[in-house]
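Working notes, structure below.
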Amino acid sequence: MTPRTFPPDFTFGVATSSFQIEGGVNEGGRGPSIWDTFCRTAGKVQGGDTGDVACDHFHRWPEDIALMKSLGVRAYRFSIAWPRIFPTGLEDTPNEAGLAFYDQLVDALLAAGIEPWVTLYHWDLPQALQDRGGWTWRGTVVAFAHFADAIGARLGGKVRHFITHNEPWCVAMLGYMNGEHAPGHKDWPEALAAAHHVLLSHGLAVPILRKYAPNAKVGITLNLVPGYPASPSVADADATRHFDGFFNRWYLDPVRGKGYPPDMVADYRALGRLPAEGPLPFLFPGDLEAIATPIDFLGINYYSRAILRSDKLPEAENAPRTIPEPGPEVRTDIGWEVYPDGLAVLLRRVAADLPGIPLVITENGASWATPPGDDGVVHDTGRLEYFRTHLAVCADAVAEGVPLTGYFAWSLMDNFEWAYGYAQRFGLVWVDFTTQQRVPKDSARFYADVMRTRAVPERG
Ligand code: IFM
């Protein structure tokens, strides 16, 4: 059978984020972030793990760029640690050492022929902003615009792709609703305010970045999860509607200019998560227009689907990808079902929802902790097959006419997986966290071949 191929201008890359790989948390004038605090709060992160060293990328970035180059990576998505640029988030003037760190990283990437894709916010909020309410505080929106301005001013001349936020759902819901992520709050009204402020700050940042980088493409990354009813019952269909509103439409709809979905506003009012009537407490005139500022692309992070049963809806809102369902499905170490067809369904749906907007898979990957074998090689067949099947879906979507223009594997290397600490490994490259040795896995060689040939080989 002929292998599936990608067009010549399709972007292949790998992704990471600042707190997950950098370490060096007390260096270069960096201030504390909410994740430093969270890691030090007993019982919040598995094994008491912290980001203090992580992959030591703060010191080993030249080696990591060389590693990417050796794999043939042509695009690298990374994020900026806000507290390296503004240690409290409240300063007028940015911290030069922090800007210089990312400036040299960008220069070295460009020199290596690797296109930088910069995410402004991947969850490491300055702690001092959290002390004022974090994302529940409208002042954080203003501070984020100031942060965007500093990054645009410094990097706008050379970076051609910016992503304002990574996964607003996680920021709001894991951070402020179920408490699984920093800052660890459990309060629905707070979570809905946080979601709004993240979206608003995105909308304000887009024109700021464009001012400095008129030719750059600016987008936002949403983590989207297609919902499937567990049965043909009306109740399960309604649970699926609610889940889709909770997880996907609450973010997609305002970004595409439709405002917050009325059915969800009604559900949240009925559930006491929003006032029973009257205006939404966090919504001010002009906010929705700002959030709907046109974007150049939508980033999508896809890992799995959710199966919805009406009697398990509260559980679904807390851990949507881990609903126990009988069946022969394959699950990764983190418990997420391997379901490539969900990506096909999602891509078609988003392409229809946002006609004409290029789509980019900004994360996709699988957690398996397969260690190096006696031969010193990591035979991570599960991950390799995960990438093969999901890349095949992407190639088919492009062939079908979905405007999918890029794919970033999550992640370049094993790293700090938030509340799971170092127990979950998503890397193409194995990291020995004692020696910091990096060992490319079989999946890295597979992906290197895909990037080189622009083709997804058949299995076997
Ligand atoms: O590691 C995370 C990443 O930070 C955001 N998206 C999901 C990944 C796997 O959980």
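Labels used: A, B, ... for chains in the order of the structure tokens, numbers from 1 for residues in each chain, and numbers from 1 for ligands as shown.
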
| request: May I ask you to write as an NGL selection string all residues lying at most 10 Å from ligand 1, with only C-alpha atoms and all ligand atoms counted? | output: :A and (15-20 or 122-123 or 166-167 or 170 or 221-223 or 300-303 or 334 or 336 or 362-367 or 410-411 or 414-420 or 424-427)

| query | When DSSP works through the backbone of this structure, what residues of region 149-191 of chain A end up as alpha helix (DSSP H), shown as a PyMOL selection string? | reply | chain A and resi 149-155+168-169+175-176+188-191

Selection export as a PDB file, in the first residue's frame, atoms kept: C-alpha atoms:
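Saved file part_3.pdb follows:
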```pdb
ATOM      1  CA  ASP A 149       4.096  43.554  24.881  1.00  0.00           C
ATOM      2  CA  ALA A 150       7.531  42.788  26.339  1.00  0.00           C
ATOM      3  CA  ILE A 151       7.794  39.520  24.398  1.00  0.00           C
ATOM      4  CA  GLY A 152       6.553  41.105  21.187  1.00  0.00           C
ATOM      5  CA  ALA A 153       9.045  43.955  21.535  1.00  0.00           C
ATOM      6  CA  ARG A 154      11.965  41.589  22.085  1.00  0.00           C
ATOM      7  CA  LEU A 155      11.146  38.599  19.876  1.00  0.00           C
ATOM      8  CA  PRO A 168      -7.403  27.548  28.858  1.00  0.00           C
ATOM      9  CA  TRP A 169      -9.671  24.682  29.997  1.00  0.00           C
ATOM     10  CA  GLY A 175      -6.547  25.101  38.478  1.00  0.00           C
ATOM     11  CA  TYR A 176      -9.703  26.636  39.958  1.00  0.00           C
ATOM     12  CA  TRP A 188     -16.912  26.857  40.140  1.00  0.00           C
ATOM     13  CA  PRO A 189     -17.588  30.618  40.008  1.00  0.00           C
ATOM     14  CA  GLU A 190     -13.843  31.238  40.324  1.00  0.00           C
ATOM     15  CA  ALA A 191     -13.152  28.772  37.533  1.00  0.00           C
TER      16      ALA A 191
END
```

| said: If we count only C-alpha atoms and set the cut-off at 9 Å, which residues sit around His146 (chain A), ignoring sequence neighbours fewer than 5 positions away in its own chain? Please answer as a list in words. | reply: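 Contacts, with the query itself left out: Gly89, Asp92, Val141, Ile151 and Ala205 of chain A.
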
Deliver the residues from the most recent selection as a file, using N, CA, C and O atoms, as a compact mmCIF listing (two decimals), in the first residue's frame.
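File result.txt, as written:
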```txt
# COMPACT_ATOMS: atom_id res chain seq x y z
N GLY A 89 5.19 39.71 38.00
CA GLY A 89 4.10 40.00 37.07
C GLY A 89 3.65 41.45 37.13
O GLY A 89 2.80 41.87 36.33
N ASP A 92 7.07 47.27 35.91
CA ASP A 92 6.91 48.03 34.66
C ASP A 92 7.91 47.53 33.62
O ASP A 92 7.59 47.40 32.44
N VAL A 141 -5.26 40.09 33.64
CA VAL A 141 -5.42 40.28 32.19
C VAL A 141 -4.54 41.44 31.72
O VAL A 141 -3.85 41.36 30.69
N ILE A 151 7.32 40.62 25.26
CA ILE A 151 7.79 39.52 24.40
C ILE A 151 7.74 39.95 22.93
O ILE A 151 8.66 39.68 22.15
N ALA A 205 -3.94 40.19 23.72
CA ALA A 205 -2.53 39.95 23.33
C ALA A 205 -2.36 39.87 21.81
O ALA A 205 -1.30 40.21 21.28
```

| said: Neighbouring residues of region 101-106 of chain A were defined as those with any atom within 10 Å, considering only C-alpha atoms; residues of the same chain fewer than 3 positions away were excluded. Please report them as JSON, numbers by chain. | reply: {"A": [28, 58, 61, 62, 65, 76, 78, 79, 80, 81, 84, 85, 96, 97, 98, 109, 110, 111, 112, 114, 115, 116, 117, 118, 151, 154, 155, 158, 159]}

What would the file look like if the residues just selected were written as a PDB file, in the first residue's frame with C-alpha atoms?
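Just written: result.pdb:
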```pdb
ATOM      1  CA  GLY A  28      18.473  34.725  36.124  1.00  0.00           C
ATOM      2  CA  PHE A  58      17.937  26.148  31.396  1.00  0.00           C
ATOM      3  CA  TRP A  61      19.513  24.177  25.890  1.00  0.00           C
ATOM      4  CA  PRO A  62      22.442  24.053  23.402  1.00  0.00           C
ATOM      5  CA  ILE A  65      18.875  22.129  20.175  1.00  0.00           C
ATOM      6  CA  TYR A  76      10.042  23.739  18.033  1.00  0.00           C
ATOM      7  CA  PHE A  78       8.239  26.054  23.635  1.00  0.00           C
ATOM      8  CA  SER A  79       6.860  28.474  26.199  1.00  0.00           C
ATOM      9  CA  ILE A  80       8.170  31.513  28.003  1.00  0.00           C
ATOM     10  CA  ALA A  81       8.283  31.436  31.797  1.00  0.00           C
ATOM     11  CA  ARG A  84      11.561  35.041  34.200  1.00  0.00           C
ATOM     12  CA  ILE A  85      10.367  38.160  32.362  1.00  0.00           C
ATOM     13  CA  GLU A  96      16.718  41.679  30.988  1.00  0.00           C
ATOM     14  CA  ALA A  97      18.274  38.345  31.992  1.00  0.00           C
ATOM     15  CA  GLY A  98      14.971  36.572  31.339  1.00  0.00           C
ATOM     16  CA  LEU A 109      17.149  27.688  16.993  1.00  0.00           C
ATOM     17  CA  LEU A 110      17.126  29.843  13.882  1.00  0.00           C
ATOM     18  CA  ALA A 111      20.832  29.173  13.346  1.00  0.00           C
ATOM     19  CA  ALA A 112      20.058  25.438  13.558  1.00  0.00           C
ATOM     20  CA  ILE A 114      14.552  25.204  13.539  1.00  0.00           C
ATOM     21  CA  GLU A 115      11.543  27.515  13.469  1.00  0.00           C
ATOM     22  CA  PRO A 116      10.571  28.776  16.952  1.00  0.00           C
ATOM     23  CA  TRP A 117       6.871  28.584  17.870  1.00  0.00           C
ATOM     24  CA  VAL A 118       6.492  30.621  21.035  1.00  0.00           C
ATOM     25  CA  ILE A 151       7.794  39.520  24.398  1.00  0.00           C
ATOM     26  CA  ARG A 154      11.965  41.589  22.085  1.00  0.00           C
ATOM     27  CA  LEU A 155      11.146  38.599  19.876  1.00  0.00           C
ATOM     28  CA  LYS A 158      12.354  37.038  14.526  1.00  0.00           C
ATOM     29  CA  VAL A 159       9.579  34.754  15.740  1.00  0.00           C
TER      30      VAL A 159
END
```

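For the choices A:Gly29, A:Pro294, A:Pro229, A:Gly184, the atom-to-atom distance to Leu308 (chain A) is smallest for A:Pro229 when using only C-alpha atoms.
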
| said: Taking 5 positions as the minimum chain separation for residues in the same chain, which residues sit within 12 Å of His379 (chain A) when counting only C-alpha atoms? Answer as an NGL selection string. | reply: :A and (368-374 or 384-385 or 428-430 or 439-446)

| request: Could you please determine the separation between CA of Arg30 (chain A) and CA of Pro94 (chain A) in Å, to one decimal place? | output: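 Value for the CA of Arg30 (chain A)-CA of Pro94 (chain A) distance: 10.9 Å.
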
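For the pair CA of Leu192 (chain A) and CA of Leu347 (chain A), the interatomic distance is 26.0 Å.
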
| query | What does the distance from CA of Gly203 (chain A) to CA of Leu252 (chain A) come to in Å, to one decimal? | reply |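 Separation of CA of Gly203 (chain A) and CA of Leu252 (chain A): 12.9 Å.
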
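Candidate residues A:Phe243, A:Asn178, A:Leu298, A:Thr50 were compared for distance to Ser33 (chain A), and the nearest is A:Thr50, using only C-alpha atoms.
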
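Residue neighbourhood of His202 (chain A), excluding near-sequence residues (fewer than 2 positions): Leu120, Tyr121, Val141, Phe144, Ala145, Ala148, Ile163, Thr164, His165, Pro168, His196, His197, Val198, Leu199, Leu200, Leu204, Ala205, Val206, Pro207, Gly219, Ile220, Val255, Ala290, Ile291, Ala292 and Thr293 of chain A, at 10 Å, using only C-alpha atoms.
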
| message | With only C-alpha atoms as the counted atoms, please give the residues lying no more than 8 Å from region 257-273 of chain A, apart from itself and same-chain residues fewer than 3 positions off, as JSON, numbers by chain. | response | {"A": [188, 189, 242, 245, 246, 249, 250, 251, 253, 254, 276, 277, 288, 289, 291, 292]}

Would you give me, as an mmCIF file with C-alpha atoms, in the first residue's frame, the residues in region 133-206 of chain A that DSSP reads as strand (DSSP E)?
```
data_model
loop_
_atom_site.group_PDB
_atom_site.id
_atom_site.type_symbol
_atom_site.label_atom_id
_atom_site.label_comp_id
_atom_site.auth_asym_id
_atom_site.auth_seq_id
_atom_site.Cartn_x
_atom_site.Cartn_y
_atom_site.Cartn_z
ATOM 1 C CA HIS A 161 4.507 31.967 15.189
ATOM 2 C CA PHE A 162 3.036 32.953 18.522
ATOM 3 C CA ILE A 163 0.505 31.084 20.657
ATOM 4 C CA THR A 164 -1.060 33.232 23.372
ATOM 5 C CA HIS A 165 -2.295 30.482 25.697
ATOM 6 C CA ASN A 166 -1.979 26.761 26.103
#
```

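Here the question is which of A:Ala235, A:Leu67, A:Val378, A:Leu99 gets nearest to Ser310 (chain A) using only C-alpha atoms, and that residue is A:Ala235.
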
| Of the residues A:Arg438, A:Arg77, A:Arg256, A:Arg383, which is the one nearest to Ala351 (chain A), using only C-alpha atoms? |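 Ranked by minimum distance to Ala351 (chain A), first place goes to A:Arg256.
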